[in-house]
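Chemist: Got a file for you: protein16.txt, compact mmCIF, C-alpha atoms.
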# COMPACT_ATOMS: atom_id res chain seq x y z
CA MET A 167 0.00 0.00 0.00
CA ILE A 168 1.37 3.41 -0.95
CA ALA A 169 1.99 5.98 1.76
CA VAL A 170 1.32 9.28 0.01
CA LEU A 171 0.35 9.88 -3.61
CA HIS A 172 0.11 13.21 -5.44
CA LEU A 173 -1.24 13.18 -8.98
CA ILE A 174 -2.24 15.70 -11.64
CA LEU A 175 -4.99 14.92 -14.14
CA ILE A 176 -4.81 16.91 -17.34
CA GLY A 177 -6.82 16.97 -20.54
CA ALA A 178 -9.27 19.01 -22.56
CA PRO A 179 -12.56 20.19 -21.03
CA GLY A 180 -14.96 17.25 -21.18
CA SER A 181 -12.21 14.63 -21.44
CA GLY A 182 -13.47 12.81 -18.34
CA LYS A 183 -10.98 14.07 -15.77
CA GLY A 184 -13.62 14.42 -13.06
CA THR A 185 -14.93 10.89 -13.58
CA GLN A 186 -11.46 9.37 -13.43
CA ALA A 187 -10.52 11.50 -10.42
CA LYS A 188 -13.41 10.04 -8.40
CA ARG A 189 -12.20 6.52 -9.20
CA LEU A 190 -8.65 7.38 -8.18
CA VAL A 191 -9.95 8.81 -4.91
CA SER A 192 -11.73 5.54 -4.15
CA LYS A 193 -8.83 3.29 -5.13
CA PHE A 194 -6.01 5.15 -3.38
CA ASP A 195 -7.87 6.91 -0.51
CA ILE A 196 -6.74 10.34 -1.65
CA VAL A 197 -8.58 13.66 -1.99
CA HIS A 198 -9.92 15.10 -5.25
CA ILE A 199 -9.02 18.75 -5.73
CA SER A 200 -10.98 20.26 -8.62
CA THR A 201 -10.06 23.78 -9.60
CA GLY A 202 -13.28 23.93 -11.63
CA ASP A 203 -15.31 23.28 -8.48
CA MET A 204 -13.31 25.83 -6.53
CA LEU A 205 -13.80 28.47 -9.21
CA ARG A 206 -17.55 27.85 -9.30
CA GLU A 207 -17.70 28.04 -5.50
CA ALA A 208 -15.94 31.40 -5.66
CA VAL A 209 -18.49 32.61 -8.24
CA HIS A 210 -21.42 31.48 -6.10
CA SER A 211 -19.94 33.19 -3.06
CA GLY A 212 -20.72 36.57 -4.60
CA SER A 213 -17.35 37.97 -3.54
CA ASP A 214 -15.42 40.49 -5.61
CA LEU A 215 -13.03 37.72 -6.66
CA GLY A 216 -16.00 35.54 -7.55
CA GLU A 217 -17.48 38.25 -9.75
CA LEU A 218 -14.14 38.68 -11.51
CA ILE A 219 -13.76 34.93 -12.04
CA SER A 220 -17.31 34.77 -13.43
CA THR A 221 -16.42 37.08 -16.32
CA TYR A 222 -13.62 34.72 -17.41
CA LEU A 223 -15.71 31.56 -17.09
CA ARG A 224 -18.63 32.97 -19.08
CA ALA A 225 -16.25 33.86 -21.91
CA GLY A 226 -14.59 30.43 -21.88
CA ARG A 227 -11.23 31.95 -20.94
CA LEU A 228 -8.69 30.76 -18.40
CA VAL A 229 -8.75 32.55 -15.04
CA PRO A 230 -5.43 34.39 -14.38
CA ASP A 231 -2.70 32.29 -12.78
CA ASN A 232 -2.44 34.18 -9.52
CA HIS A 233 -6.13 33.77 -8.70
CA VAL A 234 -6.12 30.03 -9.41
CA THR A 235 -2.88 29.39 -7.51
CA ALA A 236 -4.25 31.20 -4.46
CA LEU A 237 -7.32 28.92 -4.50
CA VAL A 238 -5.13 25.81 -4.82
CA GLU A 239 -2.87 26.84 -1.95
CA GLU A 240 -5.87 27.42 0.31
CA ARG A 241 -7.31 24.02 -0.62
CA VAL A 242 -4.09 22.07 -0.07
CA ASP A 243 -3.64 23.71 3.35
CA ARG A 244 -7.04 22.65 4.72
CA GLY A 245 -5.42 19.66 6.40
CA ASP A 246 -7.52 16.89 4.87
CA VAL A 247 -4.93 15.50 2.43
CA PRO A 248 -2.63 13.29 4.57
CA ASN A 249 -2.60 10.51 1.94
CA GLY A 250 -2.19 12.91 -0.96
CA PHE A 251 -4.48 14.20 -3.68
CA VAL A 252 -5.37 14.11 -7.34
CA ILE A 253 -5.71 17.61 -8.73
CA ASP A 254 -7.92 18.20 -11.74
CA GLY A 255 -7.58 21.39 -13.81
CA TYR A 256 -4.24 22.69 -12.52
CA PRO A 257 -1.57 23.48 -13.64
CA ARG A 258 -3.04 24.72 -16.91
CA THR A 259 -0.33 27.16 -18.01
CA ILE A 260 3.47 27.14 -18.04
CA ASN A 261 3.57 29.73 -15.25
CA GLN A 262 1.34 27.55 -13.10
CA ILE A 263 3.80 24.63 -13.40
CA GLN A 264 6.44 26.58 -11.51
CA ALA A 265 3.92 27.95 -9.03
CA PHE A 266 2.74 24.40 -8.31
CA ALA A 267 6.31 23.11 -7.96
CA ASP A 268 7.05 25.90 -5.46
CA LEU A 269 3.83 25.13 -3.58
CA MET A 270 4.71 21.44 -3.31
CA LYS A 271 8.34 22.05 -2.30
CA ALA A 272 7.31 24.47 0.43
CA ARG A 273 5.09 21.75 1.90
CA SER A 274 7.59 18.89 1.44
CA ARG A 275 5.31 17.11 -1.02
CA ARG A 276 6.36 15.28 -4.19
CA LEU A 277 4.45 14.94 -7.45
CA ALA A 278 4.23 11.27 -8.49
CA ALA A 279 2.82 11.58 -12.01
CA VAL A 280 0.81 13.63 -14.47
CA VAL A 281 -1.96 11.64 -16.15
CA CYS A 282 -3.02 13.08 -19.50
CA ILE A 283 -6.38 11.89 -20.84
CA ASP A 284 -6.55 12.35 -24.59
CA VAL A 285 -9.96 12.58 -26.31
CA PRO A 286 -10.70 13.82 -29.87
CA ASP A 287 -12.32 17.27 -30.07
CA VAL A 288 -15.44 15.89 -31.76
CA SER A 289 -16.05 13.60 -28.78
CA VAL A 290 -15.42 16.41 -26.29
CA ILE A 291 -17.96 18.68 -28.01
CA SER A 292 -20.59 15.93 -28.05
CA ARG A 293 -20.04 15.08 -24.38
CA MET A 294 -20.18 18.65 -23.14
CA ALA A 295 -23.11 19.78 -25.29
CA ASN A 296 -25.12 16.90 -23.83
CA ARG A 297 -23.99 17.43 -20.24
CA ARG A 298 -26.54 18.63 -17.68
CA ILE A 299 -26.27 19.44 -13.98
CA ASP A 300 -28.77 18.96 -11.17
CA PRO A 301 -28.87 22.35 -9.39
CA GLU A 302 -30.04 20.71 -6.16
CA THR A 303 -27.30 18.07 -5.82
CA GLY A 304 -24.57 19.29 -8.14
CA ARG A 305 -24.45 15.90 -9.88
CA ILE A 306 -23.60 15.96 -13.59
CA TYR A 307 -25.43 13.74 -16.09
CA ASN A 308 -24.36 12.84 -19.62
CA LEU A 309 -27.49 12.62 -21.77
CA ASN A 310 -25.48 10.77 -24.41
CA LEU A 311 -25.47 7.76 -22.07
CA LYS A 312 -28.89 6.21 -21.57
CA ALA A 313 -27.63 4.46 -18.46
CA ASP A 314 -26.90 7.89 -16.99
CA TRP A 315 -30.44 9.24 -17.44
CA PRO A 316 -32.03 10.17 -14.09
CA SER A 317 -35.64 9.77 -13.07
CA LEU A 318 -38.21 12.02 -14.77
CA ASP A 319 -38.57 14.38 -11.81
CA ILE A 320 -34.79 14.94 -11.71
CA MET A 321 -34.61 15.23 -15.51
CA GLU A 322 -37.08 18.12 -15.43
CA ARG A 323 -34.86 20.23 -13.18
CA LEU A 324 -31.56 19.63 -14.99
CA VAL A 325 -29.86 22.69 -16.45
CA GLN A 326 -27.01 23.34 -18.85
CA ARG A 327 -24.02 25.26 -17.52
CA ASP A 328 -23.19 28.47 -19.38
CA ASP A 329 -19.74 27.09 -20.24
CA ASP A 330 -21.26 23.97 -21.85
CA ARG A 331 -22.89 25.90 -24.70
CA PRO A 332 -21.44 24.87 -28.10
CA ASP A 333 -19.98 28.32 -28.83
CA VAL A 334 -18.27 28.46 -25.45
CA ILE A 335 -17.04 24.86 -25.81
CA LYS A 336 -15.25 25.84 -29.01
CA GLN A 337 -13.65 28.81 -27.26
CA ARG A 338 -12.59 26.59 -24.34
CA LEU A 339 -10.98 24.06 -26.68
CA ASP A 340 -9.14 26.82 -28.55
CA THR A 341 -7.89 28.19 -25.23
CA TYR A 342 -6.83 24.71 -24.12
CA ARG A 343 -4.85 24.09 -27.29
CA ALA A 344 -3.12 27.45 -27.07
CA GLU A 345 -2.29 27.60 -23.37
CA THR A 346 -2.49 24.12 -21.86
CA GLU A 347 -0.91 21.80 -24.42
CA PRO A 348 2.50 23.39 -23.72
CA VAL A 349 2.03 22.14 -20.15
CA ILE A 350 1.70 18.59 -21.49
CA GLU A 351 4.91 19.04 -23.46
CA ALA A 352 6.69 20.37 -20.37
CA TYR A 353 5.71 17.36 -18.24
CA ARG A 354 6.54 15.02 -21.12
CA GLY A 355 10.03 16.51 -21.01
CA THR A 356 10.40 15.79 -17.28
CA GLY A 357 9.33 12.15 -17.69
CA GLU A 358 6.39 12.59 -15.31
CA LEU A 359 3.70 12.34 -18.00
CA ILE A 360 1.50 9.26 -18.42
CA GLU A 361 -0.62 9.48 -21.59
CA VAL A 362 -3.96 7.65 -21.67
CA ASN A 363 -6.48 7.12 -24.49
CA GLY A 364 -9.68 8.67 -23.09
CA SER A 365 -12.07 7.11 -25.62
CA GLY A 366 -14.38 4.32 -24.47
CA THR A 367 -16.31 3.63 -21.28
CA PRO A 368 -15.19 5.06 -17.92
CA ASP A 369 -14.20 1.52 -16.85
CA GLU A 370 -12.03 1.06 -19.93
CA VAL A 371 -10.33 4.41 -19.42
CA PHE A 372 -9.72 3.73 -15.72
CA GLU A 373 -8.10 0.41 -16.55
CA ARG A 374 -5.67 2.29 -18.79
CA VAL A 375 -5.05 4.88 -16.07
CA THR A 376 -4.26 2.30 -13.39
CA HIS A 377 -2.06 0.37 -15.79
CA GLY A 378 -0.09 3.52 -16.50
CA LEU A 379 0.24 4.28 -12.77
CA ALA A 380 1.32 0.75 -11.83
CA THR A 381 5.06 1.51 -11.79
CA VAL A 382 4.55 4.78 -9.92
CA THR A 383 2.38 3.31 -7.17
CA GLU A 384 4.56 0.22 -6.73
CA SER A 385 7.60 2.38 -6.12
CA SER A 386 5.92 4.99 -3.88
The structure given in the file should be rewritten as structure tokens.
Modeler:
Amino acid sequence: MIAVLHLILIGAPGSGKGTQAKRLVSKFDIVHISTGDMLREAVHSGSDLGELISTYLRAGRLVPDNHVTALVEERVDRGDVPNGFVIDGYPRTINQIQAFADLMKARSRRLAAVVCIDVPDVSVISRMANRRIDPETGRIYNLNLKADWPSLDIMERLVQRDDDRPDVIKQRLDTYRAETEPVIEAYRGTGELIEVNGSGTPDEVFERVTHGLATVTESS
């Protein structure tokens, strides 16, 4: 059994990072840190920072590095990550790589691996355009998957997030290609990158993820 495990999940919006993160949490008893969730919490808080973040999210643009790093630092320091964490959505720019490295070093933590989930753009657009959220529970449903359809009463209250509209999805993918793919190249250069085919069922993708992590977890 591993002692402490710190992972990064990276991939385009809609690539399934959140789904795979939940499975990693269950398997390795670590905490899921989602920068997307933290940003939405900040927006809902109604604070000045939340209002500022909202303008970026609605436009499908990345939130500036300093704001995101501050949220990550606060989350890591809550004291509930003794076994480690899997972070989803950060680092997303070259500048954030160094900020994250500094954050980890200051806390005597070590990054084990960066898992990159690769999904074709056409699949990402289909997934996200058919994604709906339950405003009462926060659960996300994929209407492309019949097995994921909720009961009729839940279905009636589902809503589409502003950033899941087709025009915003395209902007998000363009932003990802321009600003985040260099992050993948940087981690590929350090040897910390594990690349996974994200097509197929969640079970199939998770099998590929765990296979890729086998050497890392055995040596941790």
Chemist: Tell me, as a PyMOL selection string, which residues lie within 12 Å of stretch 300-316 of chain A, counting all atoms listed in the file; anything in the same chain fewer than 5 positions away does not count.
Modeler: chain A and resi 180+182+184-185+203+206-207+289-295+321-327+330+366-368
Chemist: With distances taken over only C-alpha atoms, which residue among A:Ser181, A:Ala236, A:Gly255, A:Gly226 lies nearest A:Gly202?
Modeler: A:Gly255
Chemist: To one decimal place, how far is atom CA of A:His233 from atom CA of A:Leu205 in Å?
Modeler: 9.3 Å
Chemist: Would you mind telling me which residue in A:Leu190, A:Val288, A:Val242, A:Leu269 lies nearest to A:Pro332 when using only C-alpha atoms?
Modeler: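 Among the listed residues, A:Val288 lies closest to A:Pro332.
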Chemist: Find the distance between atom CA of A:Thr201 and atom CA of A:Val238 and write it in Å to one decimal.
Modeler: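 That distance, rounded to one decimal, is 7.2 Å.
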Chemist: What is the atom CA of A:Ser192-atom CA of A:Ala278 distance in Å, reported with one decimal?
Modeler: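 Atom-to-atom, atom CA of A:Ser192 and atom CA of A:Ala278 are spaced 17.5 Å apart.
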Chemist: Report as number ranges by chain all protein, DNA and RNA residues lying within 10 Å of A:Val362, evaluated on only C-alpha atoms, omitting residues in the same chain fewer than 2 positions from it.
Modeler: A: 177, 281-285, 359-360, 364-365, 371-378
Chemist: Taking all atoms listed in the file into account, which of A:Asp195, A:Glu370, A:Glu345, A:Asp268 comes nearest A:Gly250?
Modeler: A:Asp195
Chemist: So, counting all atoms listed in the file, which residue among A:Glu351, A:Glu217, A:Asp287, A:Asp319 is closest to A:Arg338?
Modeler: A:Asp287
Chemist: Between A:Leu173, A:Met270, A:Met204, A:Ala279, which has the minimum distance to A:Val252 (counting all atoms listed in the file)?
Modeler: A:Leu173
Chemist: List as an MDAnalysis selection string the protein and nucleic acid residues near stretch 263-265 of chain A, meaning an atom at most 12 Å away when all atoms listed in the file are counted, but skip any in the same chain fewer than 3 places from it.
Modeler: chainID A and resid 174 231:236 238:239 255:260 268:272 277 280 346 348:353 356
Chemist: Within 12 Å of A:His172, counting all atoms listed in the file, which residues show up once you throw out same-chain ones fewer than 3 positions away? Write them as an NGL selection string, please.
Modeler: :A and (168-169 or 175 or 187 or 190-191 or 194-199 or 242 or 247-254 or 266-267 or 270 or 274-281 or 358 or 379 or 382-383 or 386)
Chemist: In terms of the shortest atom-to-atom distance over only C-alpha atoms, which of A:Leu318, A:Ser200, A:Arg331, A:Thr381 is closest to A:Arg241?
Modeler: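 Among the listed residues, A:Ser200 lies closest to A:Arg241.
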